[in-house]
$ cat protein.txt   # compact mmCIF, C-alpha atoms
# COMPACT_ATOMS: atom_id res chain seq x y z
CA MET A 24 -23.94 1.17 -1.04
CA ILE A 25 -24.45 -0.69 2.21
CA ASP A 26 -26.89 -3.59 2.51
CA LEU A 27 -30.30 -2.23 3.55
CA LYS A 28 -30.97 -5.52 5.33
CA VAL A 29 -28.03 -4.85 7.69
CA LEU A 30 -29.43 -1.39 8.44
CA ARG A 31 -32.87 -2.79 9.30
CA GLU A 32 -31.59 -5.67 11.42
CA ASN A 33 -28.75 -3.90 13.24
CA PRO A 34 -28.86 -0.13 12.79
CA GLU A 35 -26.40 0.37 15.68
CA ILE A 36 -23.61 -1.13 13.54
CA VAL A 37 -24.25 1.56 10.95
CA ARG A 38 -24.47 4.30 13.61
CA ALA A 39 -21.17 3.16 15.11
CA SER A 40 -19.53 3.18 11.68
CA GLN A 41 -20.81 6.69 11.03
CA ARG A 42 -19.43 7.87 14.39
CA ALA A 43 -16.06 6.26 13.68
CA ARG A 44 -15.88 8.08 10.36
CA GLY A 45 -16.90 11.38 11.91
CA GLU A 46 -20.09 11.35 9.81
CA ASP A 47 -23.68 12.20 10.73
CA GLU A 48 -25.33 9.20 12.37
CA GLY A 49 -28.75 10.92 12.16
CA VAL A 50 -28.97 9.79 8.54
CA VAL A 51 -29.51 6.26 9.87
CA ASP A 52 -32.80 7.17 11.55
CA SER A 53 -33.86 9.21 8.52
CA LEU A 54 -33.23 6.22 6.31
CA LEU A 55 -35.06 3.80 8.61
CA SER A 56 -38.06 6.13 8.62
CA ALA A 57 -38.01 6.50 4.84
CA ASP A 58 -37.67 2.75 4.41
CA GLU A 59 -40.69 2.16 6.65
CA ARG A 60 -42.74 4.62 4.60
CA ARG A 61 -41.58 2.95 1.40
CA ARG A 62 -42.59 -0.51 2.62
CA THR A 63 -45.99 0.83 3.75
CA ALA A 64 -46.47 2.44 0.33
CA ILE A 65 -45.53 -0.82 -1.42
CA SER A 66 -48.00 -2.77 0.72
CA ARG A 67 -50.80 -0.27 0.05
CA ALA A 68 -50.10 -0.25 -3.70
CA ASP A 69 -50.07 -4.06 -3.80
CA THR A 70 -53.36 -4.24 -1.90
CA LEU A 71 -55.05 -1.71 -4.16
CA ARG A 72 -53.80 -3.47 -7.31
CA ALA A 73 -55.20 -6.75 -5.99
CA GLU A 74 -58.55 -5.04 -5.36
CA GLN A 75 -58.38 -3.58 -8.85
CA LYS A 76 -57.86 -7.03 -10.34
CA VAL A 77 -60.85 -8.49 -8.48
CA LEU A 78 -62.99 -5.52 -9.43
CA GLY A 79 -62.02 -5.89 -13.08
CA LYS A 80 -63.42 -9.43 -13.07
CA GLU A 81 -66.65 -8.22 -11.45
CA VAL A 82 -67.04 -5.50 -14.07
CA GLY A 83 -66.67 -8.10 -16.80
CA LYS A 84 -69.58 -10.09 -15.40
CA ALA A 85 -71.89 -7.19 -14.43
CA LYS A 86 -74.64 -5.60 -16.56
CA GLY A 87 -76.78 -2.50 -16.55
CA ASP A 88 -76.76 -0.23 -13.51
CA ASP A 89 -74.56 -2.64 -11.55
CA ARG A 90 -71.93 -2.42 -14.27
CA ASN A 91 -72.07 1.40 -14.30
CA ALA A 92 -71.67 1.51 -10.51
CA LEU A 93 -68.71 -0.87 -10.69
CA LEU A 94 -67.13 1.17 -13.47
CA ALA A 95 -67.39 4.31 -11.33
CA LYS A 96 -65.82 2.42 -8.44
CA ALA A 97 -63.08 1.15 -10.76
CA LYS A 98 -62.34 4.72 -11.84
CA ASP A 99 -61.95 5.84 -8.23
CA LEU A 100 -59.82 2.80 -7.45
CA ALA A 101 -57.57 3.49 -10.45
CA ALA A 102 -56.95 6.98 -9.10
CA GLU A 103 -56.04 5.49 -5.70
CA VAL A 104 -53.67 3.01 -7.34
CA LYS A 105 -52.00 5.81 -9.28
CA ALA A 106 -51.56 7.87 -6.11
CA ALA A 107 -50.22 4.84 -4.20
CA GLU A 108 -47.71 4.06 -6.94
CA ALA A 109 -46.58 7.68 -6.99
CA GLU A 110 -46.04 7.48 -3.22
CA GLN A 111 -44.15 4.23 -3.66
CA ASN A 112 -41.87 5.78 -6.28
CA ALA A 113 -41.30 8.92 -4.21
CA THR A 114 -40.39 7.01 -1.05
CA ALA A 115 -38.15 4.65 -3.05
CA GLU A 116 -36.30 7.65 -4.45
CA GLU A 117 -35.92 9.10 -0.94
CA VAL A 118 -34.52 5.79 0.33
CA ASN A 119 -32.03 5.57 -2.54
CA GLU A 120 -30.89 9.17 -2.02
CA LEU A 121 -30.31 8.61 1.70
CA LEU A 122 -28.69 5.21 1.13
CA ALA A 123 -26.26 6.78 -1.37
CA LYS A 124 -25.06 9.18 1.35
CA ILE A 125 -23.96 6.46 3.77
CA PRO A 126 -20.31 5.32 3.33
CA ASN A 127 -19.24 1.73 3.58
CA LEU A 128 -19.19 0.18 7.04
CA VAL A 129 -15.73 0.37 8.59
CA HIS A 130 -13.78 -2.71 9.64
CA PRO A 131 -14.03 -3.25 13.41
CA ASP A 132 -10.22 -3.38 13.69
CA ALA A 133 -9.56 -0.17 11.73
CA PRO A 134 -8.13 2.56 13.98
CA VAL A 135 -10.70 5.23 14.86
CA GLY A 136 -9.86 8.86 14.14
CA GLY A 137 -8.68 11.27 11.48
CA GLU A 138 -5.79 11.50 9.04
CA ASP A 139 -3.10 11.44 11.74
CA ASP A 140 -4.59 8.58 13.77
CA TYR A 141 -3.26 5.74 11.60
CA VAL A 142 -1.49 2.76 13.15
CA VAL A 143 1.92 1.66 11.86
CA VAL A 144 1.65 -2.05 11.03
CA LYS A 145 5.33 -2.54 10.24
CA THR A 146 8.46 -0.75 9.08
CA VAL A 147 10.81 -2.27 6.50
CA GLY A 148 14.38 -1.06 6.02
CA GLU A 149 16.31 1.76 7.65
CA PRO A 150 16.62 5.31 6.28
CA ARG A 151 19.94 5.77 4.56
CA GLN A 152 22.63 7.79 6.34
CA PHE A 153 24.21 10.08 3.75
CA ASP A 154 27.83 11.25 3.98
CA PHE A 155 26.89 14.24 1.82
CA GLU A 156 24.00 16.72 1.72
CA PRO A 157 21.24 14.94 -0.24
CA GLN A 158 19.39 16.81 -2.96
CA ASP A 159 15.62 16.66 -3.32
CA HIS A 160 14.02 14.87 -6.26
CA LEU A 161 13.33 18.05 -8.22
CA ASP A 162 16.94 19.29 -8.08
CA LEU A 163 18.17 15.83 -9.01
CA GLY A 164 15.58 15.39 -11.77
CA THR A 165 16.26 18.83 -13.23
CA LYS A 166 20.03 18.32 -13.34
CA LEU A 167 19.59 14.88 -14.86
CA GLY A 168 17.31 16.31 -17.55
CA ALA A 169 14.54 14.03 -16.26
CA ILE A 170 11.93 16.52 -14.95
CA ASP A 171 10.90 19.87 -16.40
CA MET A 172 8.43 21.69 -14.13
CA GLU A 173 8.98 25.12 -15.67
CA ARG A 174 7.80 24.13 -19.12
CA GLY A 175 5.07 21.95 -17.61
CA ALA A 176 3.67 25.07 -15.93
CA LYS A 177 4.03 27.04 -19.16
CA VAL A 178 1.99 24.46 -21.05
CA GLY A 179 -0.54 23.24 -18.48
CA GLY A 180 -0.27 25.53 -15.46
CA SER A 181 0.85 24.76 -11.93
CA ARG A 182 1.30 21.12 -10.89
CA PHE A 183 1.98 19.98 -14.46
CA TYR A 184 5.37 18.75 -15.65
CA PHE A 185 7.30 17.01 -18.39
CA LEU A 186 9.17 13.78 -17.79
CA LYS A 187 11.89 13.51 -20.41
CA GLY A 188 14.90 11.39 -21.24
CA VAL A 189 15.84 9.18 -18.30
CA GLY A 190 12.80 10.49 -16.39
CA ALA A 191 10.44 9.13 -19.04
CA GLN A 192 12.46 5.90 -19.14
CA LEU A 193 12.23 5.58 -15.37
CA GLU A 194 8.45 5.91 -15.35
CA LEU A 195 7.97 3.44 -18.20
CA ALA A 196 10.33 1.00 -16.47
CA LEU A 197 8.32 1.26 -13.26
CA LEU A 198 5.00 0.72 -14.99
CA ASN A 199 6.30 -2.14 -17.14
CA MET A 200 7.82 -3.82 -14.08
CA ALA A 201 4.44 -3.50 -12.32
CA ALA A 202 2.62 -4.86 -15.37
CA GLN A 203 4.96 -7.84 -15.55
CA GLN A 204 4.52 -8.64 -11.86
CA ALA A 205 0.74 -8.31 -12.12
CA THR A 206 0.42 -10.64 -15.10
CA ALA A 207 2.77 -13.15 -13.45
CA ASN A 208 0.33 -13.26 -10.53
CA GLY A 209 -2.76 -13.87 -12.64
CA PHE A 210 -3.96 -10.33 -13.31
CA GLN A 211 -5.21 -9.50 -16.80
CA LEU A 212 -3.52 -6.34 -18.03
CA MET A 213 -5.94 -3.62 -19.15
CA ILE A 214 -5.40 -0.18 -20.67
CA THR A 215 -8.53 1.58 -19.51
CA PRO A 216 -10.64 4.58 -20.55
CA THR A 217 -9.80 7.75 -18.63
CA LEU A 218 -13.22 9.32 -19.22
CA VAL A 219 -16.26 7.69 -17.62
CA ARG A 220 -19.98 8.30 -17.35
CA PRO A 221 -21.52 9.79 -14.17
CA GLU A 222 -23.17 6.54 -13.09
CA ILE A 223 -19.83 4.73 -13.16
CA MET A 224 -18.07 7.46 -11.18
CA ALA A 225 -20.94 7.57 -8.68
CA GLY A 226 -21.04 3.78 -8.50
CA THR A 227 -17.47 3.63 -7.24
CA GLY A 228 -18.22 6.19 -4.52
CA PHE A 229 -16.10 9.05 -5.86
CA LEU A 230 -18.90 11.60 -6.23
CA GLY A 231 -19.44 12.01 -2.50
CA ALA A 232 -17.54 14.30 -0.15
CA HIS A 233 -14.45 14.34 -2.40
CA SER A 234 -16.16 15.10 -5.71
CA SER A 235 -14.30 18.43 -5.80
CA GLU A 236 -11.15 16.41 -6.56
CA ILE A 237 -12.55 15.22 -9.89
CA TYR A 238 -12.37 16.93 -13.27
CA HIS A 239 -15.77 17.11 -14.97
CA LEU A 240 -16.48 17.85 -18.64
CA PRO A 241 -19.98 19.36 -18.45
CA ASN A 242 -20.56 19.55 -22.21
CA ASP A 243 -20.15 15.78 -22.47
CA ASP A 244 -21.17 14.92 -18.88
CA LEU A 245 -18.07 12.79 -18.50
CA TYR A 246 -15.52 12.59 -15.67
CA LEU A 247 -11.75 12.23 -15.87
CA VAL A 248 -10.69 9.34 -13.63
CA GLY A 249 -8.27 9.71 -10.74
CA THR A 250 -7.54 5.98 -10.82
CA SER A 251 -8.25 3.06 -13.15
CA GLU A 252 -10.17 1.57 -10.22
CA VAL A 253 -13.14 3.51 -11.61
CA PRO A 254 -13.36 2.03 -15.13
CA LEU A 255 -12.38 -1.41 -13.82
CA ALA A 256 -15.22 -1.28 -11.27
CA GLY A 257 -17.59 -0.34 -14.09
CA TYR A 258 -16.26 -3.00 -16.46
CA HIS A 259 -18.68 -5.64 -15.19
CA ALA A 260 -21.59 -3.34 -14.24
CA ASP A 261 -24.97 -5.12 -14.56
CA GLU A 262 -23.26 -8.47 -15.16
CA ILE A 263 -23.12 -11.84 -13.42
CA LEU A 264 -19.52 -13.07 -13.16
CA ASP A 265 -18.51 -16.66 -13.86
CA GLY A 266 -15.85 -16.59 -11.13
CA GLU A 267 -13.35 -14.28 -9.45
CA LYS A 268 -11.64 -11.71 -11.69
CA ARG A 269 -8.33 -9.87 -11.34
CA TYR A 270 -7.34 -6.96 -13.55
CA ALA A 271 -4.34 -4.62 -13.65
CA GLY A 272 -5.34 -1.27 -15.11
CA TRP A 273 -2.72 0.98 -16.74
CA SER A 274 -3.94 4.55 -17.18
CA SER A 275 -3.24 8.22 -16.90
CA CYS A 276 -4.97 9.68 -13.84
CA TYR A 277 -6.22 13.20 -13.15
CA ARG A 278 -6.87 14.96 -9.85
CA ARG A 279 -7.78 18.57 -9.23
CA GLU A 280 -6.02 18.57 -5.84
CA ALA A 281 -8.73 20.90 -4.55
CA GLY A 282 -7.99 22.18 -1.06
CA SER A 283 -4.28 21.36 -1.32
CA TYR A 284 -3.08 24.85 -2.17
CA GLY A 285 0.36 25.42 -0.70
CA LYS A 286 0.92 21.70 -0.06
CA ASP A 287 3.64 19.83 -1.94
CA THR A 288 3.90 22.49 -4.62
CA ARG A 289 7.51 21.56 -5.29
CA GLY A 290 8.18 18.73 -7.72
CA ILE A 291 5.98 15.79 -8.66
CA ILE A 292 4.63 14.62 -5.31
CA ARG A 293 1.18 16.19 -5.69
CA VAL A 294 0.30 16.85 -9.32
CA HIS A 295 -2.79 17.05 -11.54
CA GLN A 296 -1.80 14.26 -13.93
CA PHE A 297 0.18 11.05 -13.41
CA ASN A 298 0.35 7.45 -14.59
CA LYS A 299 -0.44 4.38 -12.58
CA VAL A 300 -0.84 0.60 -12.66
CA GLU A 301 -3.71 -0.43 -10.38
CA MET A 302 -4.76 -3.92 -9.30
CA PHE A 303 -8.49 -4.59 -9.11
CA SER A 304 -10.16 -7.77 -7.85
CA TYR A 305 -13.68 -9.18 -7.90
CA VAL A 306 -14.11 -11.95 -5.32
CA LYS A 307 -16.75 -13.54 -3.12
CA PRO A 308 -17.41 -11.43 0.01
CA GLU A 309 -16.10 -14.16 2.30
CA ASP A 310 -12.78 -14.13 0.42
CA ALA A 311 -12.30 -10.34 0.51
CA GLU A 312 -10.08 -10.09 3.61
CA ALA A 313 -7.71 -12.76 2.33
CA GLU A 314 -7.57 -11.00 -1.05
CA HIS A 315 -6.81 -7.72 0.73
CA ALA A 316 -3.79 -9.34 2.39
CA ARG A 317 -2.62 -10.64 -1.00
CA LEU A 318 -2.89 -7.20 -2.62
CA LEU A 319 -0.82 -5.68 0.17
CA ALA A 320 1.81 -8.41 -0.22
CA TRP A 321 2.04 -7.72 -3.97
CA GLU A 322 2.50 -4.01 -3.26
CA GLU A 323 5.31 -4.81 -0.84
CA GLU A 324 6.88 -7.09 -3.44
CA MET A 325 7.05 -4.11 -5.81
CA LEU A 326 8.48 -1.82 -3.13
CA ALA A 327 11.22 -4.35 -2.40
CA LYS A 328 12.24 -4.14 -6.06
CA ILE A 329 12.96 -0.40 -5.84
CA GLU A 330 14.97 -0.89 -2.63
CA VAL A 331 13.61 1.94 -0.50
CA PRO A 332 12.74 1.99 3.23
CA TYR A 333 8.99 1.97 3.76
CA ARG A 334 6.29 1.42 6.31
CA VAL A 335 2.75 0.01 6.16
CA ILE A 336 -0.01 1.91 7.94
CA ASP A 337 -3.58 0.92 8.82
CA THR A 338 -5.54 4.01 7.77
CA ALA A 339 -7.86 5.55 10.36
CA THR A 340 -11.62 5.46 9.85
CA GLY A 341 -11.96 9.18 9.19
CA ASP A 342 -9.50 8.97 6.29
CA LEU A 343 -10.84 5.89 4.50
CA GLY A 344 -12.85 7.40 1.67
CA MET A 345 -16.46 6.54 1.02
CA SER A 346 -16.07 3.06 -0.44
CA ALA A 347 -13.35 1.56 1.74
CA HIS A 348 -14.09 -0.86 4.57
CA ARG A 349 -10.40 -0.92 5.44
CA LYS A 350 -7.31 0.57 3.80
CA PHE A 351 -3.57 -0.03 4.12
CA ASP A 352 -1.05 2.49 2.76
CA CYS A 353 2.61 1.83 2.02
CA GLU A 354 4.73 4.93 2.60
CA ALA A 355 8.33 5.29 1.40
CA TRP A 356 11.01 7.28 3.20
CA VAL A 357 11.81 10.59 1.49
CA PRO A 358 15.24 11.68 2.81
CA THR A 359 15.03 15.44 2.16
CA GLN A 360 11.64 15.63 3.87
CA GLY A 361 12.68 13.41 6.76
CA LYS A 362 9.39 11.54 6.67
CA TYR A 363 7.43 8.78 5.00
CA ARG A 364 5.18 9.62 2.03
CA GLU A 365 2.42 7.47 0.52
CA LEU A 366 3.34 5.43 -2.54
CA THR A 367 0.63 2.76 -2.55
CA SER A 368 -2.81 2.19 -1.16
CA THR A 369 -4.99 -0.93 -1.06
CA SER A 370 -8.66 -0.91 -0.09
CA ASN A 371 -11.21 -3.60 0.66
CA CYS A 372 -14.52 -2.16 -0.56
CA THR A 373 -16.53 -5.30 0.32
CA THR A 374 -19.87 -5.28 -1.59
CA PHE A 375 -20.24 -1.48 -1.49
CA GLN A 376 -19.24 -0.68 -5.09
CA ALA A 377 -20.62 -3.86 -6.62
CA ARG A 378 -24.03 -3.25 -5.02
CA ARG A 379 -24.15 0.21 -6.62
CA LEU A 380 -22.98 -1.11 -9.98
CA ASN A 381 -25.00 -4.35 -9.83
CA VAL A 382 -22.06 -6.75 -10.19
CA ARG A 383 -22.97 -10.26 -9.10
CA TYR A 384 -21.76 -13.86 -9.15
CA ARG A 385 -23.57 -17.20 -8.82
CA ASP A 386 -23.15 -19.11 -5.57
CA GLU A 387 -22.99 -22.90 -5.26
CA ASN A 388 -26.81 -23.04 -5.44
CA GLY A 389 -26.91 -21.03 -8.64
CA LYS A 390 -28.33 -17.97 -6.90
CA SER A 391 -26.91 -14.56 -7.83
CA GLN A 392 -25.11 -12.71 -5.04
CA ILE A 393 -23.37 -9.33 -4.81
CA ALA A 394 -19.61 -9.55 -5.42
CA ALA A 395 -16.87 -7.85 -3.38
CA THR A 396 -14.33 -5.48 -4.96
CA LEU A 397 -10.80 -4.54 -3.89
CA ASN A 398 -8.07 -2.34 -5.32
CA GLY A 399 -4.36 -1.73 -4.83
CA THR A 400 -1.62 0.40 -6.40
CA LEU A 401 1.41 -1.28 -7.98
CA ALA A 402 3.29 1.76 -9.30
CA THR A 403 2.74 5.46 -9.95
CA THR A 404 4.70 8.49 -11.13
CA ARG A 405 5.29 9.49 -7.48
CA TRP A 406 7.59 6.49 -7.02
CA ILE A 407 10.20 8.42 -8.99
CA VAL A 408 10.54 10.76 -5.99
CA ALA A 409 11.56 7.91 -3.68
CA ILE A 410 13.88 6.31 -6.25
CA LEU A 411 15.78 9.50 -7.05
CA GLU A 412 16.21 10.62 -3.44
CA ASN A 413 17.09 7.26 -1.90
CA HIS A 414 19.49 6.14 -4.64
CA GLN A 415 21.35 9.41 -5.30
CA ASN A 416 25.10 9.72 -5.21
CA ALA A 417 27.37 12.56 -4.12
CA ASP A 418 28.05 13.60 -7.73
CA GLY A 419 24.31 14.00 -8.49
CA SER A 420 24.00 10.70 -10.33
CA VAL A 421 21.38 8.13 -9.33
CA THR A 422 21.90 4.37 -9.12
CA VAL A 423 19.13 2.39 -10.81
CA PRO A 424 17.69 -0.34 -8.53
CA GLU A 425 18.85 -3.72 -9.79
CA ALA A 426 15.36 -5.10 -10.47
CA MET A 427 14.57 -2.12 -12.71
CA ARG A 428 17.67 -2.35 -14.91
CA PRO A 429 16.26 -4.92 -17.38
CA PHE A 430 13.35 -2.51 -17.96
CA MET A 431 15.79 0.33 -18.70
CA GLY A 432 17.88 -1.47 -21.28
CA GLY A 433 20.45 -2.48 -18.68
CA LEU A 434 21.13 1.09 -17.59
CA GLU A 435 22.75 1.09 -14.13
CA LEU A 436 23.34 4.79 -13.51
CA LEU A 437 21.40 7.96 -14.30
CA LYS A 438 23.80 10.85 -14.86

$ encode --input "protein.txt" --output "structure tokens"
Amino acid sequence: MIDLKVLRENPEIVRASQRARGEDEGVVDSLLSADERRRTAISRADTLRAEQKVLGKEVGKAKGDDRNALLAKAKDLAAEVKAAEAEQNATAEEVNELLAKIPNLVHPDAPVGGEDDYVVVKTVGEPRQFDFEPQDHLDLGTKLGAIDMERGAKVGGSRFYFLKGVGAQLELALLNMAAQQATANGFQLMITPTLVRPEIMAGTGFLGAHSSEIYHLPNDDLYLVGTSEVPLAGYHADEILDGEKRYAGWSSCYRREAGSYGKDTRGIIRVHQFNKVEMFSYVKPEDAEAEHARLLAWEEEMLAKIEVPYRVIDTATGDLGMSAHRKFDCEAWVPTQGKYRELTSTSNCTTFQARRLNVRYRDENGKSQIAATLNGTLATTRWIVAILENHQNADGSVTVPEAMRPFMGGLELLK
């Protein structure tokens, strides 16, 4: 959640952020009002408790009728204290509920607008000019015996699939290549839980406007994660860190894709289950922007290894998600669609998630402070789409990018 101190001292910053996101700025005034009532209730409860303490000493010294009168007064005062504490608790709950509704403050340089209002930061590589009619990834994958959508639907329903043979090899090669790069850059590799408790899912900001995307198991009150960002954010909940931490989470991910009916129904671009390696960093807030730049550079390093044209976009404020302060996406060229499609995303969540999950570090004076969290994708199942389409040959075979060959037993051609 955002820092309540920022809201009190400069509410216009929060209002401006809400406007940029296309969110209700009226919640700011509601929260300020609730916070004022909460502080008044705290002050009243403190005053009454102090009176109660003084009165308790007087009762201990008094005798006879004076004592009885003081006891009666103490009884009335106890009732007032109880009522004041109830008011304090009620207003605190109201503040927390309102505070939980406010997304992270957007970066002042993030482009304002909706999904289509992104800004292209840079473009790397040129789309390939084919001297034959390129096939899409599903046709290629089916003929190669790499993707089986038909049996995936038979077993799990729409948007499920089997990767088999060279398709399974390709995914494992991608993920292992990502894991190797991450560990070489100081990330600790983690295989994470894919079921998490509600407080962890809520703490990362995924139970807000997009909660319909998440699978929930009501009998167990557990959520299936859509990214290992969630368990990695919860890994240090209620802890004080001894320094910055970097993790690379390998997990299966699950998304309901609610509201996407009719979109990307062909192939494995938008599916309910996929695998991913995700970078996750805990740093000091003042180091977060520099860490964000590093995460993006590591993502681009991975994209260079699969040799596909791509672009980097600065995501617009209305498409950031609840926790992100700023987000950069890397989108690869998909030849048969004639457009760029997202392969990676990296977000600076500043102190928003750590404040909710109570993750702190000690500053140079030994005082505990809220940490900053960031995340970034290194590889996912969707990358197979870009690899197959960009590296296909006229005979339906696919050339394996050179950097991936050691992870595929030296295999150079899928056929």

$ residues_near_point --input "protein.txt" --point "(-22.8, 10.4, 12.8)" --cutoff "12 Å" --atoms "only C-alpha atoms" --output "NGL selection string"
:A and (35-53 or 124-126 or 341)

$ closest_residue --input "protein.txt" --among "A:Gln415, A:Asn242, A:Asn127, A:Asn112" --to "Arg349 (chain A)" --atoms "only C-alpha atoms"
A:Asn127

$ atom_distance --input "protein.txt" --atom1 "CA of Cys372 (chain A)" --atom2 "CA of Asp310 (chain A)"
12.1 Å

$ closest_residue --input "protein.txt" --among "A:Gln376, A:Thr206, A:Gln296, A:Gln360" --to "Ala225 (chain A)" --atoms "all atoms listed in the file"
A:Gln376

$ residues_around --input "protein.txt" --residues "Glu59 (chain A)" --least-positions-apart "5" --cutoff "12 Å" --atoms "only C-alpha atoms" --output "list in words"
Leu27, Leu30, Arg31, Asp52, Ser53, Leu54, Ala64, Ile65, Ser66, Gln111, Thr114, Ala115, Glu117 and Val118 of chain A

$ residues_around --input "protein.txt" --residues "region 385-399 of chain A" --least-positions-apart "3" --cutoff "9 Å" --atoms "all atoms listed in the file" --output "JSON, numbers by chain"
{"A": [252, 256, 263, 264, 265, 266, 267, 300, 301, 302, 303, 304, 305, 306, 307, 308, 309, 310, 311, 314, 315, 318, 319, 321, 322, 347, 367, 368, 369, 370, 371, 372, 373, 374, 375, 376, 377, 378, 381, 382]}

$ write_last_selection --input "protein.txt" --atoms "C-alpha atoms" --output "short mmCIF file (atom, residue, chain, number, x, y, z; two decimals), keeping the file's coordinate frame"
data_model
loop_
_atom_site.label_atom_id
_atom_site.label_comp_id
_atom_site.auth_asym_id
_atom_site.auth_seq_id
_atom_site.Cartn_x
_atom_site.Cartn_y
_atom_site.Cartn_z
CA GLU A 252 -10.17 1.57 -10.22
CA ALA A 256 -15.22 -1.28 -11.27
CA ILE A 263 -23.12 -11.84 -13.42
CA LEU A 264 -19.52 -13.07 -13.16
CA ASP A 265 -18.51 -16.66 -13.86
CA GLY A 266 -15.85 -16.59 -11.13
CA GLU A 267 -13.35 -14.28 -9.45
CA VAL A 300 -0.84 0.60 -12.66
CA GLU A 301 -3.71 -0.43 -10.38
CA MET A 302 -4.76 -3.92 -9.30
CA PHE A 303 -8.49 -4.59 -9.11
CA SER A 304 -10.16 -7.77 -7.85
CA TYR A 305 -13.68 -9.18 -7.90
CA VAL A 306 -14.11 -11.95 -5.32
CA LYS A 307 -16.75 -13.54 -3.12
CA PRO A 308 -17.41 -11.43 0.01
CA GLU A 309 -16.10 -14.16 2.30
CA ASP A 310 -12.78 -14.13 0.42
CA ALA A 311 -12.30 -10.34 0.51
CA GLU A 314 -7.57 -11.00 -1.05
CA HIS A 315 -6.81 -7.72 0.73
CA LEU A 318 -2.89 -7.20 -2.62
CA LEU A 319 -0.82 -5.68 0.17
CA TRP A 321 2.04 -7.72 -3.97
CA GLU A 322 2.50 -4.01 -3.26
CA ALA A 347 -13.35 1.56 1.74
CA THR A 367 0.63 2.76 -2.55
CA SER A 368 -2.81 2.19 -1.16
CA THR A 369 -4.99 -0.93 -1.06
CA SER A 370 -8.66 -0.91 -0.09
CA ASN A 371 -11.21 -3.60 0.66
CA CYS A 372 -14.52 -2.16 -0.56
CA THR A 373 -16.53 -5.30 0.32
CA THR A 374 -19.87 -5.28 -1.59
CA PHE A 375 -20.24 -1.48 -1.49
CA GLN A 376 -19.24 -0.68 -5.09
CA ALA A 377 -20.62 -3.86 -6.62
CA ARG A 378 -24.03 -3.25 -5.02
CA ASN A 381 -25.00 -4.35 -9.83
CA VAL A 382 -22.06 -6.75 -10.19
#

$ closest_residue --input "protein.txt" --among "A:Glu323, A:Asp337, A:Ala201, A:Arg61" --to "Glu116 (chain A)" --atoms "only C-alpha atoms"
A:Arg61

$ closest_residue --input "protein.txt" --among "A:Thr165, A:Ser235, A:Gln211, A:Thr404" --to "Cys276 (chain A)" --atoms "only C-alpha atoms"
A:Thr404

$ atom_distance --input "protein.txt" --atom1 "CA of Asp89 (chain A)" --atom2 "CA of Leu71 (chain A)"
20.9 Å

$ build_atoms --input "protein.txt" --residues "region 27-35 of chain A" --atoms "N, CA, C and O atoms" --output "CSV table (one decimal), keeping the file's coordinate frame"
chain,number,residue,atom,x,y,z
A,27,LEU,N,-29.2,-2.8,2.8
A,27,LEU,CA,-30.3,-2.2,3.6
A,27,LEU,C,-30.8,-3.2,4.6
A,27,LEU,O,-31.3,-2.8,5.7
A,28,LYS,N,-30.6,-4.5,4.4
A,28,LYS,CA,-31.0,-5.5,5.3
A,28,LYS,C,-30.2,-5.4,6.6
A,28,LYS,O,-30.7,-5.5,7.7
A,29,VAL,N,-28.9,-5.1,6.5
A,29,VAL,CA,-28.0,-4.8,7.7
A,29,VAL,C,-28.5,-3.6,8.5
A,29,VAL,O,-28.6,-3.7,9.7
A,30,LEU,N,-28.9,-2.6,7.8
A,30,LEU,CA,-29.4,-1.4,8.4
A,30,LEU,C,-30.7,-1.7,9.2
A,30,LEU,O,-30.9,-1.2,10.4
A,31,ARG,N,-31.6,-2.5,8.6
A,31,ARG,CA,-32.9,-2.8,9.3
A,31,ARG,C,-32.6,-3.7,10.5
A,31,ARG,O,-33.2,-3.5,11.6
A,32,GLU,N,-31.7,-4.7,10.4
A,32,GLU,CA,-31.6,-5.7,11.4
A,32,GLU,C,-30.7,-5.2,12.5
A,32,GLU,O,-30.8,-5.6,13.7
A,33,ASN,N,-29.7,-4.4,12.2
A,33,ASN,CA,-28.8,-3.9,13.2
A,33,ASN,C,-28.3,-2.5,12.9
A,33,ASN,O,-27.2,-2.2,12.6
A,34,PRO,N,-29.2,-1.5,13.1
A,34,PRO,CA,-28.9,-0.1,12.8
A,34,PRO,C,-27.7,0.4,13.6
A,34,PRO,O,-27.0,1.4,13.2
A,35,GLU,N,-27.5,-0.1,14.8
A,35,GLU,CA,-26.4,0.4,15.7
A,35,GLU,C,-25.0,0.2,15.0
A,35,GLU,O,-24.1,1.0,15.3
